[in-house]
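This report concerns only the one structure given below.
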2 protein chains.
Amino acid sequence: MDFPALLAASVARVETGLDCHLPGATERPARLHAAMRYSLMGGGKRLRPVLLLAAADLAKPPVGLGEVGADPLPAAVAVECLHTYSLIHDDLPCMDDDDLRRGRPTVHKAYDEATAVLAGDALLTHAFALLGDAYSDRPTLANALVRELGRAAGSRHLIGGQMEDLLGEGKASATADELEFIHLNKTAAMLEASLVMGGLIGDLPEPHLATLRTTGRQLGLAFQIIDDILDATADTATLGKTAGKDAKDGKTTYVKLHGLEASRRFATECTDRALAAIASLPGDTFFLRTLATTMAKRSA
Amino acid sequence: MDFPALLAASVARVETGLDCHLPGATERPARLHAAMRYSLMGGGKRLRPVLLLAAADLAKPPVGLGEVGADPLPAAVAVECLHTYSLIHDDLPCMDDDDLRRGRPTVHKAYDEATAVLAGDALLTHAFALLGDAYSDRPTLANALVRELGRAAGSRHLIGGQMEDLLGEGKASATADELEFIHLNKTAAMLEASLVMGGLIGDLPEPHLATLRTTGRQLGLAFQIIDDILDATADTATLGKTAGKDAKDGKTTYVKLHGLEASRRFATECTDRALAAIASLPGDTFFLRTLATTMAKRSA
């Protein structure tokens, strides 16, 4: 299979996993479970679960030997639940106040604010519960996955990044240091965790886990810089979310701080560093390598 | 020691644990970590962690044999983090819209709404991360604790109860069934989980875990009915939160549905069922027994 077919197959696997591993939309309370599914099933790149599955697949035995080890799909669902909760809460009126996400009304618009807060809380909780349940026959692995996700998603990383992002709004001069803190924690930390969790499930040894962490960090930085570039240059229809919001909100971005050209150069450098890391990973790295290159060229 | 001294010692142990097991208030981002500590360190009954410690202590060996097994304190801190996050989010303007909690401004009043959402998210995440980190040398126990907390705190229980509670507001005629769903899930589920988690740490066998679950459920029902009674009869200064809110919000309560006298009788029946369950537990049950009796007589 070529890369687009492999990517489509991975995304399809994630979509199936989401459907299997979430409470049914009619389970009581139906409004809550429907809102959880509304936000999760609205498409999106599925970048984090796809990265997790790709890292887990590095350890795959040659065809004919059969599958070994734990199924990475529940963990892939868990990271997507985690990511989706963070989007729901970030979109709230008291936060980024966004009406559109992936081209559809955000959860607090489609339902209401209280349901959006609770649906986010429930997806966050479900991420950890799912790791605990799905890997209970391998408790050491389950524990490693919970710790990795808990670290990346916590107040020192994902949530801390969002907090500093909010504190920086309207501030005329966020520094390069503040911006790096936000990008490393708000975006890169969860890409790191996704790759490392895949590596843990694939039972990769520590040096490879460290390489996966480097890969995720550089991909995350590249991803966020490109986000800033697109917010400044693309239109709302292409993005599926409101364009030009960063400038309107007075947010400091890479583009504002360093200009478009330097931002593009820095994104390329980060991608190159990710590719160099990927080159030292075991197994067939074609998919990860091409994914990194494709991410660097995205337009939405 | 008599009961008040034992209770004070247990609460003091929890307070110390909270201070030890939370990120420092000056850690970056300081506003987030300060808000987490503000909400956690505002007093409160510490009922859930005290129950967890009490259940873990049932398995304690006689004095002289020394302590064995895992330290229950990190798990006690985790359940208090979980409970506190649920209070922060419940108090938000889009939810119950409360300005006072434990006699102090709620987090969104003392800070702002965005910080309150994030501080809640961070405490929820921290609860799971802490279980993963603190019990990593006993991964089977860590896994059991994560699963128990994940179940109780999820969309089918704690969050589901809050969702149904919100849906019922302003509804003239919530049924007894709807009210029971709310009480069982919004309140009792976390008391059950706290006792069961203590039992898991104390390595109690399954029949005793089931008894702890029954105890928590009955204490939870009693607790919530008494909450309804106090909201209808006590004043704001005594409660440390706004009194008479349920009637103002048009909420269906036990008192509204069954009247004061029947509510008091039902609270007593639940407490009696909890006491009967406690009587069949191993070890010294004096503390748990007296705690159950004291809870039934509380006035705030």
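Scheme for the structure tokens: letters A, B, ... for chains in order shown; per-chain residue numbers from 1; ligand numbers from 1 in order shown.
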* If you run DSSP on this backbone, which residues of range 98-185 of chain B come out as strand (DSSP E), and could you give them as an NGL selection string? -> :B and (100-101 or 104-105)
* To do: Can you pull out every residue within 7 Å of range 220-222 of chain B, counting only C-alpha atoms, but drop anything in the same chain fewer than 3 positions away, and send it as a list in words?
  => His183, Leu184, Thr187, Ala188, Leu191, Gly216, Arg217, Ile225, Ile226, Ala267, Cys270 and Thr271 of chain B
* Surrounding residues of Ala110 in chain B excluding itself and chain neighbours under 4 positions, 10 Å, only C-alpha atoms, as a count of residues only -> 10
* Asked: What are the DSSP alpha helix (DSSP H) residues of range 74-258 of chain B, as a VMD selection string?
  -> chain B and resid 74 to 90 107 to 110 113 to 134 139 to 153 158 to 168 176 to 182 189 to 201 206 to 233 236 to 239 245 to 248 254 to 258
* Proximal residues of chain B relative to chain A (only C-alpha atoms; 8 Å) as a PyMOL selection string -> chain B and resi 28-29+32-33+89+94-95+113-115+117-118+121-122+124-126+128-129+132-133+136+139-140+142-144+146-147+149-151+153-156+159-160+163-164
Those residues you just picked out, can you put them in a file as a compact mmCIF listing (two decimals), in the first residue's frame with N, CA and C atoms?
# COMPACT_ATOMS: atom_id res chain seq x y z
N ARG B 28 5.70 26.62 37.55
CA ARG B 28 5.14 27.20 36.32
C ARG B 28 4.09 26.28 35.71
N PRO B 29 2.91 26.75 35.33
CA PRO B 29 2.42 28.12 35.52
C PRO B 29 1.86 28.32 36.93
N LEU B 32 -1.98 28.59 37.76
CA LEU B 32 -2.69 27.31 37.72
C LEU B 32 -2.45 26.51 39.00
N HIS B 33 -1.18 26.40 39.38
CA HIS B 33 -0.86 25.59 40.56
C HIS B 33 -1.37 26.25 41.84
N HIS B 89 -15.82 22.51 39.07
CA HIS B 89 -16.60 22.56 37.83
C HIS B 89 -18.10 22.73 38.13
N CYS B 94 -21.83 28.32 34.38
CA CYS B 94 -22.68 27.56 33.46
C CYS B 94 -23.26 26.31 34.12
N MET B 95 -22.83 26.01 35.34
CA MET B 95 -23.35 24.83 36.05
C MET B 95 -24.23 25.34 37.21
N GLU B 113 -12.97 32.28 35.36
CA GLU B 113 -13.59 31.05 34.86
C GLU B 113 -12.60 30.13 34.17
N ALA B 114 -11.77 30.69 33.30
CA ALA B 114 -10.83 29.85 32.55
C ALA B 114 -9.89 29.12 33.49
N THR B 115 -9.38 29.85 34.49
CA THR B 115 -8.48 29.22 35.47
C THR B 115 -9.22 28.13 36.24
N VAL B 117 -11.77 26.26 35.14
CA VAL B 117 -11.91 25.08 34.27
C VAL B 117 -10.59 24.31 34.24
N LEU B 118 -9.49 25.03 34.05
CA LEU B 118 -8.18 24.36 33.94
C LEU B 118 -7.72 23.76 35.26
N ASP B 121 -9.60 20.57 35.57
CA ASP B 121 -9.02 19.58 34.66
C ASP B 121 -7.71 19.03 35.22
N ALA B 122 -6.90 19.93 35.78
CA ALA B 122 -5.58 19.53 36.27
C ALA B 122 -5.69 18.63 37.51
N LEU B 124 -8.24 16.66 38.20
CA LEU B 124 -8.75 15.37 37.70
C LEU B 124 -7.61 14.54 37.11
N THR B 125 -6.81 15.18 36.27
CA THR B 125 -5.67 14.48 35.66
C THR B 125 -4.68 14.03 36.72
N HIS B 126 -4.44 14.92 37.69
CA HIS B 126 -3.47 14.62 38.74
C HIS B 126 -3.88 13.39 39.56
N PHE B 128 -5.32 10.65 38.61
CA PHE B 128 -4.90 9.42 37.93
C PHE B 128 -3.38 9.32 37.84
N ALA B 129 -2.73 10.45 37.55
CA ALA B 129 -1.26 10.43 37.45
C ALA B 129 -0.65 10.02 38.78
N GLY B 132 -0.93 6.35 39.37
CA GLY B 132 0.05 5.67 38.52
C GLY B 132 1.46 5.78 39.07
N ASP B 133 1.82 6.96 39.53
CA ASP B 133 3.18 7.19 40.02
C ASP B 133 3.42 6.54 41.38
N SER B 136 3.53 2.54 41.42
CA SER B 136 4.15 1.90 40.25
C SER B 136 4.95 0.65 40.62
N PRO B 139 2.16 -2.67 40.37
CA PRO B 139 1.32 -2.31 39.22
C PRO B 139 -0.07 -2.94 39.22
N THR B 140 -0.22 -4.12 39.80
CA THR B 140 -1.56 -4.72 39.85
C THR B 140 -2.48 -3.90 40.74
N ALA B 142 -1.96 -0.64 41.43
CA ALA B 142 -2.14 0.64 40.73
C ALA B 142 -3.25 0.52 39.70
N ASN B 143 -3.25 -0.58 38.96
CA ASN B 143 -4.27 -0.79 37.93
C ASN B 143 -5.67 -0.89 38.55
N ALA B 144 -5.77 -1.64 39.66
CA ALA B 144 -7.07 -1.78 40.31
C ALA B 144 -7.58 -0.43 40.81
N VAL B 146 -6.77 2.63 39.60
CA VAL B 146 -7.14 3.46 38.45
C VAL B 146 -8.51 3.05 37.91
N ARG B 147 -8.74 1.74 37.84
CA ARG B 147 -10.02 1.26 37.31
C ARG B 147 -11.17 1.64 38.22
N LEU B 149 -11.32 4.15 40.42
CA LEU B 149 -11.56 5.59 40.37
C LEU B 149 -12.15 5.98 39.01
N GLY B 150 -11.63 5.39 37.94
CA GLY B 150 -12.11 5.72 36.60
C GLY B 150 -13.58 5.39 36.41
N ARG B 151 -13.98 4.27 36.98
CA ARG B 151 -15.38 3.86 36.90
C ARG B 151 -16.27 4.85 37.65
N ALA B 153 -15.74 7.86 38.69
CA ALA B 153 -15.67 9.28 38.31
C ALA B 153 -16.19 9.53 36.90
N GLY B 154 -16.53 8.49 36.17
CA GLY B 154 -16.82 8.61 34.74
C GLY B 154 -18.24 9.03 34.41
N SER B 155 -18.54 8.92 33.11
CA SER B 155 -19.81 9.43 32.58
C SER B 155 -21.00 8.62 33.06
N ARG B 156 -20.77 7.39 33.48
CA ARG B 156 -21.88 6.56 33.96
C ARG B 156 -22.18 6.79 35.43
N ILE B 159 -19.99 11.96 36.79
CA ILE B 159 -20.31 13.00 35.80
C ILE B 159 -21.73 12.81 35.28
N GLY B 160 -22.14 11.55 35.12
CA GLY B 160 -23.51 11.28 34.70
C GLY B 160 -24.52 11.80 35.71
N MET B 163 -24.77 15.50 35.30
CA MET B 163 -25.51 15.82 34.08
C MET B 163 -27.03 15.71 34.33
N GLU B 164 -27.45 14.61 34.94
CA GLU B 164 -28.89 14.43 35.20
C GLU B 164 -29.39 15.48 36.21
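Proximity of B:Ala262, B:Ala234, B:Leu58, B:Leu51 to Ser299 in chain B, computed with only C-alpha atoms, is greatest for B:Ala234.
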* For Val196 in chain A, work out the shell of residues within 7 Å, counting only C-alpha atoms and skipping chain neighbours fewer than 5 positions away, then give it as a VMD selection string. => chain A and resid 209 212 to 213
* To do: Have a look at CA of Ala55 in chain A and CA of Thr294 in chain A and let me know their distance in Å, one decimal.
  =>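 Taking CA of Ala55 in chain A and CA of Thr294 in chain A, their separation equals 16.8 Å.
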* Hey, can you check how far CA of Ile278 in chain A sits from CA of Thr215 in chain A? ->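 Result for CA of Ile278 in chain A versus CA of Thr215 in chain A: 6.6 Å, one decimal.
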Neighbouring residues of range 240-254 of chain A were defined as those with any atom within 9 Å, considering only C-alpha atoms; residues of the same chain fewer than 2 positions away were excluded. Please report them as a short mmCIF file (atom, residue, chain, number, x, y, z; two decimals) with N, CA and C atoms, in the first residue's frame.
data_model
loop_
_atom_site.label_atom_id
_atom_site.label_comp_id
_atom_site.auth_asym_id
_atom_site.auth_seq_id
_atom_site.Cartn_x
_atom_site.Cartn_y
_atom_site.Cartn_z
N ASP A 96 -10.96 30.05 24.63
CA ASP A 96 -10.71 30.66 23.32
C ASP A 96 -11.99 31.14 22.63
N ASP A 98 -14.51 29.70 20.74
CA ASP A 98 -14.61 29.35 19.33
C ASP A 98 -15.97 28.72 19.02
N ASP A 99 -16.56 29.11 17.90
CA ASP A 99 -17.87 28.57 17.51
C ASP A 99 -17.74 27.39 16.56
N LEU A 100 -16.58 27.30 15.90
CA LEU A 100 -16.40 26.26 14.87
C LEU A 100 -15.21 25.38 15.21
N ARG A 101 -15.36 24.10 14.93
CA ARG A 101 -14.26 23.15 15.13
C ARG A 101 -14.46 22.06 14.08
N ARG A 102 -13.43 21.82 13.30
CA ARG A 102 -13.55 20.83 12.24
C ARG A 102 -14.78 21.10 11.36
N GLY A 103 -15.06 22.39 11.14
CA GLY A 103 -16.14 22.79 10.25
C GLY A 103 -17.54 22.62 10.80
N ARG A 104 -17.66 22.25 12.09
CA ARG A 104 -18.99 22.08 12.70
C ARG A 104 -19.08 22.94 13.97
N ASP A 165 -0.89 30.01 27.59
CA ASP A 165 -1.44 30.54 26.34
C ASP A 165 -2.50 31.60 26.66
N LEU A 166 -3.40 31.28 27.59
CA LEU A 166 -4.45 32.23 27.98
C LEU A 166 -3.86 33.46 28.65
N GLY A 168 -1.09 34.76 28.10
CA GLY A 168 -0.36 35.56 27.12
C GLY A 168 -1.26 36.38 26.22
N GLU A 169 -2.57 36.04 26.20
CA GLU A 169 -3.46 36.75 25.28
C GLU A 169 -3.57 38.22 25.61
N GLY A 170 -3.47 39.03 24.58
CA GLY A 170 -3.61 40.47 24.78
C GLY A 170 -2.34 41.10 25.32
N LYS A 171 -1.38 40.22 25.71
CA LYS A 171 -0.09 40.73 26.17
C LYS A 171 0.71 41.12 24.94
N ALA A 172 1.18 42.36 24.89
CA ALA A 172 1.82 42.85 23.67
C ALA A 172 3.10 42.07 23.35
N SER A 173 3.78 41.60 24.39
CA SER A 173 5.11 41.08 24.12
C SER A 173 5.41 39.79 24.87
N ALA A 174 4.71 38.69 24.52
CA ALA A 174 5.13 37.39 25.04
C ALA A 174 6.53 37.12 24.47
N THR A 175 7.39 36.58 25.30
CA THR A 175 8.77 36.35 24.85
C THR A 175 8.86 35.03 24.08
N ALA A 176 9.99 34.84 23.40
CA ALA A 176 10.24 33.58 22.70
C ALA A 176 10.21 32.41 23.68
N LEU A 179 6.61 31.55 24.50
CA LEU A 179 6.00 30.90 23.34
C LEU A 179 6.47 29.45 23.23
N GLN A 224 2.92 23.08 15.52
CA GLN A 224 2.38 24.30 16.10
C GLN A 224 2.80 25.53 15.30
N ILE A 225 4.06 25.53 14.81
CA ILE A 225 4.51 26.66 14.01
C ILE A 225 3.69 26.74 12.72
N ASP A 228 0.40 28.24 13.38
CA ASP A 228 0.50 29.71 13.43
C ASP A 228 0.56 30.29 12.02
N ILE A 229 1.33 29.64 11.15
CA ILE A 229 1.47 30.12 9.77
C ILE A 229 0.11 30.07 9.07
N LEU A 230 -0.59 28.92 9.24
CA LEU A 230 -1.89 28.77 8.57
C LEU A 230 -2.92 29.76 9.11
N ASP A 231 -2.89 29.99 10.42
CA ASP A 231 -3.84 30.95 11.00
C ASP A 231 -3.65 32.33 10.38
N ALA A 232 -2.40 32.62 10.04
CA ALA A 232 -2.09 33.95 9.49
C ALA A 232 -2.34 34.02 7.99
N THR A 233 -2.36 32.86 7.29
CA THR A 233 -2.37 32.90 5.82
C THR A 233 -3.57 32.20 5.18
N ALA A 234 -4.20 31.23 5.86
CA ALA A 234 -5.29 30.47 5.22
C ALA A 234 -6.64 31.10 5.54
N ASP A 235 -7.71 30.61 4.91
CA ASP A 235 -9.04 31.13 5.20
C ASP A 235 -9.85 30.12 6.02
N THR A 236 -10.95 30.60 6.59
CA THR A 236 -11.76 29.80 7.51
C THR A 236 -12.27 28.52 6.86
N ALA A 237 -12.70 28.61 5.61
CA ALA A 237 -13.26 27.43 4.94
C ALA A 237 -12.22 26.32 4.82
N THR A 238 -10.98 26.69 4.46
CA THR A 238 -9.92 25.70 4.34
C THR A 238 -9.57 25.10 5.70
N LYS A 256 4.22 36.19 14.39
CA LYS A 256 4.29 37.56 14.91
C LYS A 256 5.69 37.86 15.45
N LEU A 257 6.28 36.85 16.09
CA LEU A 257 7.56 37.04 16.77
C LEU A 257 8.73 37.03 15.78
N HIS A 258 8.66 36.13 14.80
CA HIS A 258 9.83 35.93 13.94
C HIS A 258 9.55 36.21 12.47
N GLY A 259 8.32 36.48 12.08
CA GLY A 259 7.99 36.68 10.66
C GLY A 259 7.71 35.36 9.97
N LEU A 260 7.07 35.45 8.80
CA LEU A 260 6.65 34.26 8.07
C LEU A 260 7.83 33.42 7.60
N ALA A 262 11.06 33.20 8.56
CA ALA A 262 11.81 32.51 9.62
C ALA A 262 10.95 31.39 10.23
N SER A 263 9.64 31.60 10.33
CA SER A 263 8.76 30.56 10.86
C SER A 263 8.79 29.34 9.96
N ALA A 300 -4.10 22.59 6.13
CA ALA A 300 -5.28 22.75 7.00
C ALA A 300 -5.04 21.97 8.29
#
* Do a neighbour search on range 197-201 of chain B at 6 Å with only C-alpha atoms, toss out local chain neighbours closer than 2 positions, and write the hits as a list in words. =>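 Near neighbours after the sequence-gap exclusion: Leu52, Leu53, Ala55, Ala56, Leu145, Ala193, Ser194, Leu195, Asp203 and Leu204 of chain B.
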* To do: Can you work out which one of B:Glu15, B:Glu269, B:Glu206, B:Asp177 has the shortest atom-to-atom distance to Gln218 in chain B, counting only C-alpha atoms?
  => B:Glu269
